[in-house]
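> Pasting in a structure now, in structure tokens, and then I'll have a few things to ask.
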Amino acid sequence: MLFLAAIPRPAAATTLIVLVSHRAIVIGADSMRTLAAGGTEAVCKIHDRDGVVYGFAGAVSADQFDAAAIAARELGGGGDLAQKARRIADSLQTGLVEHFRSRRIEGTRRELIDGHRGRPVTGFIAALVDGKPQGFLVLVLAEPAADGVTLTTKVDPLDTLGPDRAIFLSSQHRDVIARANQTMSGKARAAVPELVSAAGDLVRLDLSLEEGRRTADRRSGPPASVAVLDQDGFRFAVPGVCAARP
């Protein structure tokens, strides 16, 4: 547990959906990143390094804090997937504390607790383990404290043996969550193409609902990207902006 007095607003926003089944882990994401200084840019939000797939949503990027870069650094170390997930969570927590410093307590609480619903960073890592997809949720949580905000971390395994399900690392609209519950409840042991189609549909639904907001209030934007991790490895089924990755 670490304590944070206050932080300036980082870049935020993302649509990031993870569909989990025993056959595959399928990730859908938008491509818009809102910048702390104003404006937006198109970025790939689904990353891979040395066979490990990962992505993050929330307060994930600022001048000297980048969740994806922190994860890439920690993945370069040793240990199994669970140990890497734990190191990433701890480093994300430490990075937030080190980088974002005191301004106003009210602003800090509004950003971390209200703006991000008490989950300033939500993410996942996944890889093939003994030929089967496995993964972990990686969370940094925020709670109000007497003099600021307390940050804690949580690392949970993805249940690839249970029923197929959708996990929202950043949920923008209740309609999308309702659609996901309806879609996945009818896809017990779905084939990979079905999961890819479902992930793309959910992201596109979220983006269509975002279009109804004022431009300045939009928190995600096109194009959508969909990636797959299954027994054949990692690949982009719908590259979107990720096709331009180096």
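For the structure tokens, the naming scheme is as follows: chains receive sequential letters (A, B, ...) according to their order of presentation, residues are indexed from 1 within each chain, and ligands are indexed from 1 in presentation order.
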List every residue of region 29-233 of chain A that DSSP, applied to the backbone of this structure, assigns to strand (DSSP E), and report them as a ChimeraX atom specification.
/A:29,32-34,40-42,47-49,52-58,61-62,65-66,121-129,132-145,148-157,165-170,225-230,233
> Please produce a file of the residues just selected, as an mmCIF file, in the first residue's frame, where the atoms kept are C-alpha atoms.

data_model
loop_
_atom_site.group_PDB
_atom_site.id
_atom_site.type_symbol
_atom_site.label_atom_id
_atom_site.label_comp_id
_atom_site.auth_asym_id
_atom_site.auth_seq_id
_atom_site.Cartn_x
_atom_site.Cartn_y
_atom_site.Cartn_z
ATOM 1 C CA ALA A 29 -9.498 -1.924 -28.209
ATOM 2 C CA MET A 32 -7.756 7.172 -29.344
ATOM 3 C CA ARG A 33 -5.528 8.478 -26.585
ATOM 4 C CA THR A 34 -6.473 11.733 -24.894
ATOM 5 C CA THR A 40 -5.802 13.308 -29.079
ATOM 6 C CA GLU A 41 -3.618 10.907 -31.021
ATOM 7 C CA ALA A 42 -4.136 7.474 -32.572
ATOM 8 C CA HIS A 47 1.097 -4.726 -27.100
ATOM 9 C CA ASP A 48 3.276 -7.829 -27.182
ATOM 10 C CA ARG A 49 6.817 -8.555 -26.074
ATOM 11 C CA VAL A 52 3.487 -11.861 -23.719
ATOM 12 C CA VAL A 53 0.435 -9.782 -24.716
ATOM 13 C CA TYR A 54 -0.587 -6.814 -22.563
ATOM 14 C CA GLY A 55 -2.677 -3.667 -22.467
ATOM 15 C CA PHE A 56 -3.805 -1.003 -19.988
ATOM 16 C CA ALA A 57 -6.599 1.525 -19.548
ATOM 17 C CA GLY A 58 -7.085 4.538 -17.299
ATOM 18 C CA SER A 61 0.337 7.926 -19.862
ATOM 19 C CA ALA A 62 1.921 11.233 -18.853
ATOM 20 C CA PHE A 65 4.804 7.760 -16.810
ATOM 21 C CA ASP A 66 3.798 5.175 -19.390
ATOM 22 C CA VAL A 121 -4.957 1.696 -13.947
ATOM 23 C CA THR A 122 -6.569 -1.524 -15.164
ATOM 24 C CA GLY A 123 -4.793 -3.957 -17.422
ATOM 25 C CA PHE A 124 -3.901 -7.516 -18.303
ATOM 26 C CA ILE A 125 -1.011 -9.675 -19.395
ATOM 27 C CA ALA A 126 -1.364 -13.016 -21.176
ATOM 28 C CA ALA A 127 0.824 -15.664 -22.768
ATOM 29 C CA LEU A 128 0.870 -19.279 -23.867
ATOM 30 C CA VAL A 129 1.799 -21.534 -20.949
ATOM 31 C CA LYS A 132 -2.558 -22.895 -23.612
ATOM 32 C CA PRO A 133 -3.516 -19.225 -23.154
ATOM 33 C CA GLN A 134 -3.225 -17.954 -19.596
ATOM 34 C CA GLY A 135 -3.365 -14.462 -18.207
ATOM 35 C CA PHE A 136 -3.726 -12.105 -15.252
ATOM 36 C CA LEU A 137 -5.640 -8.945 -14.532
ATOM 37 C CA VAL A 138 -3.361 -6.190 -13.199
ATOM 38 C CA LEU A 139 -5.049 -3.402 -11.223
ATOM 39 C CA VAL A 140 -3.992 -0.289 -9.351
ATOM 40 C CA LEU A 141 -6.802 0.743 -6.994
ATOM 41 C CA ALA A 142 -7.415 4.079 -5.293
ATOM 42 C CA GLU A 143 -9.260 4.830 -2.069
ATOM 43 C CA PRO A 144 -9.744 8.140 -0.257
ATOM 44 C CA ALA A 145 -7.517 8.795 2.746
ATOM 45 C CA GLY A 148 -5.127 12.315 -0.020
ATOM 46 C CA VAL A 149 -5.480 8.980 -1.810
ATOM 47 C CA THR A 150 -4.193 5.515 -0.943
ATOM 48 C CA LEU A 151 -3.074 3.284 -3.825
ATOM 49 C CA THR A 152 -3.080 -0.509 -3.639
ATOM 50 C CA THR A 153 -2.612 -3.248 -6.242
ATOM 51 C CA LYS A 154 -4.446 -6.416 -7.190
ATOM 52 C CA VAL A 155 -3.387 -9.276 -9.471
ATOM 53 C CA ASP A 156 -5.971 -11.927 -10.379
ATOM 54 C CA PRO A 157 -5.697 -14.886 -12.787
ATOM 55 C CA ARG A 165 -16.885 -14.274 -20.471
ATOM 56 C CA ALA A 166 -16.126 -10.653 -21.239
ATOM 57 C CA ILE A 167 -13.951 -8.490 -18.994
ATOM 58 C CA PHE A 168 -14.102 -4.724 -19.366
ATOM 59 C CA LEU A 169 -10.869 -3.019 -18.392
ATOM 60 C CA SER A 170 -12.513 0.267 -19.300
ATOM 61 C CA SER A 225 -8.251 -3.306 -33.220
ATOM 62 C CA VAL A 226 -8.810 -6.953 -32.307
ATOM 63 C CA ALA A 227 -6.054 -9.410 -31.360
ATOM 64 C CA VAL A 228 -6.019 -13.123 -30.589
ATOM 65 C CA LEU A 229 -3.878 -15.294 -28.330
ATOM 66 C CA ASP A 230 -4.526 -19.015 -28.847
ATOM 67 C CA GLY A 233 0.265 -17.779 -30.814
#
> With only C-alpha atoms as the counted atoms, please give the residues lying no more than 12 Å from Ala243 (chain A), apart from itself and same-chain residues fewer than 2 positions off, as a ChimeraX atom specification.
/A:31,42-47,223-227,235-241,245-246
> How would the residues just picked look written out with all heavy atoms as a compact mmCIF listing (two decimals), in the first residue's frame?

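The file below, again36.txt, is the result:
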# COMPACT_ATOMS: atom_id res chain seq x y z
N SER A 31 -8.56 3.21 -30.48
CA SER A 31 -7.23 3.70 -30.83
C SER A 31 -6.98 5.15 -30.42
O SER A 31 -5.94 5.71 -30.74
CB SER A 31 -7.00 3.58 -32.34
OG SER A 31 -7.14 2.25 -32.76
N ALA A 42 -3.79 8.87 -32.31
CA ALA A 42 -4.14 7.47 -32.57
C ALA A 42 -2.95 6.59 -32.21
O ALA A 42 -1.84 6.81 -32.69
CB ALA A 42 -4.50 7.28 -34.04
N VAL A 43 -3.18 5.59 -31.35
CA VAL A 43 -2.12 4.70 -30.90
C VAL A 43 -2.64 3.27 -30.85
O VAL A 43 -3.84 3.04 -30.74
CB VAL A 43 -1.60 5.10 -29.50
CG1 VAL A 43 -0.97 6.48 -29.52
CG2 VAL A 43 -2.71 5.02 -28.46
N CYS A 44 -1.73 2.33 -30.95
CA CYS A 44 -2.06 0.92 -30.75
C CYS A 44 -2.06 0.65 -29.25
O CYS A 44 -1.06 0.93 -28.56
CB CYS A 44 -1.05 0.03 -31.45
SG CYS A 44 -1.41 -1.74 -31.26
N LYS A 45 -3.14 0.08 -28.75
CA LYS A 45 -3.27 -0.16 -27.31
C LYS A 45 -3.11 -1.62 -26.91
O LYS A 45 -3.24 -1.97 -25.75
CB LYS A 45 -4.62 0.37 -26.82
CG LYS A 45 -4.78 1.87 -27.04
CD LYS A 45 -6.12 2.38 -26.54
CE LYS A 45 -6.25 3.88 -26.74
NZ LYS A 45 -7.54 4.39 -26.24
N ILE A 46 -2.82 -2.46 -27.89
CA ILE A 46 -2.57 -3.88 -27.63
C ILE A 46 -1.11 -4.15 -27.95
O ILE A 46 -0.67 -3.95 -29.08
CB ILE A 46 -3.49 -4.77 -28.48
CG1 ILE A 46 -4.96 -4.40 -28.27
CG2 ILE A 46 -3.27 -6.25 -28.13
CD1 ILE A 46 -5.91 -5.08 -29.24
N HIS A 47 -0.34 -4.60 -26.96
CA HIS A 47 1.10 -4.73 -27.10
C HIS A 47 1.53 -6.18 -26.92
O HIS A 47 0.83 -6.98 -26.29
CB HIS A 47 1.81 -3.86 -26.05
CG HIS A 47 1.28 -2.45 -25.97
ND1 HIS A 47 1.70 -1.45 -26.82
CD2 HIS A 47 0.36 -1.89 -25.15
CE1 HIS A 47 1.07 -0.33 -26.53
NE2 HIS A 47 0.25 -0.56 -25.53
N PRO A 223 -9.74 3.85 -35.22
CA PRO A 223 -10.38 2.57 -35.55
C PRO A 223 -10.24 1.55 -34.43
O PRO A 223 -9.43 1.72 -33.51
CB PRO A 223 -9.58 2.13 -36.79
CG PRO A 223 -8.21 2.68 -36.55
CD PRO A 223 -8.42 4.01 -35.88
N ALA A 224 -11.03 0.48 -34.54
CA ALA A 224 -10.93 -0.63 -33.58
C ALA A 224 -9.81 -1.58 -33.99
O ALA A 224 -9.50 -1.73 -35.17
CB ALA A 224 -12.26 -1.38 -33.51
N SER A 225 -9.23 -2.24 -32.98
CA SER A 225 -8.25 -3.31 -33.22
C SER A 225 -8.69 -4.53 -32.42
O SER A 225 -9.20 -4.39 -31.31
CB SER A 225 -6.85 -2.88 -32.78
OG SER A 225 -6.38 -1.80 -33.54
N VAL A 226 -8.48 -5.70 -32.99
CA VAL A 226 -8.81 -6.95 -32.31
C VAL A 226 -7.63 -7.90 -32.46
O VAL A 226 -7.11 -8.10 -33.57
CB VAL A 226 -10.09 -7.61 -32.87
CG1 VAL A 226 -10.37 -8.92 -32.14
CG2 VAL A 226 -11.28 -6.66 -32.76
N ALA A 227 -7.19 -8.49 -31.34
CA ALA A 227 -6.05 -9.41 -31.36
C ALA A 227 -6.44 -10.72 -30.70
O ALA A 227 -7.36 -10.77 -29.88
CB ALA A 227 -4.85 -8.80 -30.66
N ARG A 235 -1.66 -12.83 -32.64
CA ARG A 235 -1.80 -12.19 -33.95
C ARG A 235 -2.93 -11.17 -33.88
O ARG A 235 -3.81 -11.25 -33.01
CB ARG A 235 -2.12 -13.22 -35.04
CG ARG A 235 -3.43 -13.96 -34.82
CD ARG A 235 -3.53 -15.18 -35.69
NE ARG A 235 -4.79 -15.92 -35.49
CZ ARG A 235 -4.98 -16.78 -34.51
NH1 ARG A 235 -4.01 -17.01 -33.62
NH2 ARG A 235 -6.14 -17.42 -34.39
N PHE A 236 -2.90 -10.21 -34.82
CA PHE A 236 -3.99 -9.26 -34.95
C PHE A 236 -4.98 -9.79 -35.98
O PHE A 236 -4.63 -10.02 -37.13
CB PHE A 236 -3.46 -7.89 -35.38
CG PHE A 236 -2.86 -7.11 -34.25
CD1 PHE A 236 -1.48 -7.07 -34.08
CD2 PHE A 236 -3.67 -6.42 -33.36
CE1 PHE A 236 -0.93 -6.37 -33.03
CE2 PHE A 236 -3.11 -5.72 -32.30
CZ PHE A 236 -1.74 -5.69 -32.14
N ALA A 237 -6.22 -9.98 -35.54
CA ALA A 237 -7.27 -10.37 -36.47
C ALA A 237 -7.83 -9.15 -37.19
O ALA A 237 -8.22 -9.24 -38.36
CB ALA A 237 -8.40 -11.09 -35.71
N VAL A 238 -7.91 -8.04 -36.48
CA VAL A 238 -8.30 -6.75 -37.06
C VAL A 238 -7.24 -5.75 -36.62
O VAL A 238 -7.27 -5.25 -35.51
CB VAL A 238 -9.69 -6.31 -36.56
CG1 VAL A 238 -10.09 -4.98 -37.20
CG2 VAL A 238 -10.74 -7.38 -36.83
N PRO A 239 -6.26 -5.46 -37.47
CA PRO A 239 -5.12 -4.65 -37.02
C PRO A 239 -5.47 -3.22 -36.65
O PRO A 239 -4.92 -2.67 -35.69
CB PRO A 239 -4.15 -4.70 -38.21
CG PRO A 239 -4.59 -5.87 -39.00
CD PRO A 239 -6.08 -5.98 -38.82
N GLY A 240 -6.33 -2.57 -37.43
CA GLY A 240 -6.59 -1.16 -37.19
C GLY A 240 -5.29 -0.36 -37.24
O GLY A 240 -4.43 -0.61 -38.09
N VAL A 241 -5.11 0.54 -36.30
CA VAL A 241 -3.90 1.35 -36.26
C VAL A 241 -2.68 0.52 -35.88
O VAL A 241 -1.54 0.92 -36.13
CB VAL A 241 -4.08 2.54 -35.30
CG1 VAL A 241 -4.08 2.08 -33.84
CG2 VAL A 241 -3.03 3.61 -35.53
N ARG A 245 2.47 -0.56 -36.51
CA ARG A 245 3.50 -0.72 -35.49
C ARG A 245 4.85 -1.02 -36.12
O ARG A 245 4.93 -1.71 -37.13
CB ARG A 245 3.15 -1.87 -34.53
CG ARG A 245 1.89 -1.67 -33.72
CD ARG A 245 1.71 -2.80 -32.74
NE ARG A 245 2.00 -4.10 -33.35
CZ ARG A 245 2.35 -5.19 -32.69
NH1 ARG A 245 2.49 -5.15 -31.39
NH2 ARG A 245 2.56 -6.31 -33.32
N PRO A 246 5.96 -0.53 -35.48
CA PRO A 246 7.28 -0.84 -36.01
C PRO A 246 7.59 -2.32 -35.87
O PRO A 246 7.08 -2.99 -35.00
CB PRO A 246 8.22 0.01 -35.14
CG PRO A 246 7.45 0.29 -33.88
CD PRO A 246 6.00 0.33 -34.29
> When DSSP is applied to the backbone of this structure, which of region 71-233 of chain A are assigned alpha helix (DSSP H)? Write them out as a ChimeraX atom specification.
/A:71-75,81-99,105-109,174-185,192-210
> Quick one: residues within 6 Å of region 85-95 of chain A, only C-alpha atoms, excluding same-chain residues fewer than 2 positions away - as a ChimeraX atom specification?
/A:71,74,82-83,97-99,138
> CA of Leu207 (chain A) and CA of Gln182 (chain A) are how many Å apart?
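Interatomic distance here is 18.6 Å.
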> So what do you get for CA of Ile17 (chain A) versus CA of Val196 (chain A), distance-wise?
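We find that CA of Ile17 (chain A) and CA of Val196 (chain A) lie 11.2 Å from each other.
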> Using only C-alpha atoms, which of the listed residues (A:Asp159, A:Asp175, A:Gly77, A:Thr215) sits closest to Ile25 (chain A)?
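Checking each candidate against Ile25 (chain A), we get A:Asp159 as the closest.
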> How many Å lie between CA of Arg23 (chain A) and CA of Ala178 (chain A), rounded to one decimal?
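Between CA of Arg23 (chain A) and CA of Ala178 (chain A) the gap works out to 23.3 Å.
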> Do a neighbour search on Val176 (chain A) at 9 Å with only C-alpha atoms, toss out local chain neighbours closer than 5 positions, and write the hits as a list in words.
Ser171, Asn181, Leu202, Val203, Leu205, Asp206 and Leu209 of chain A
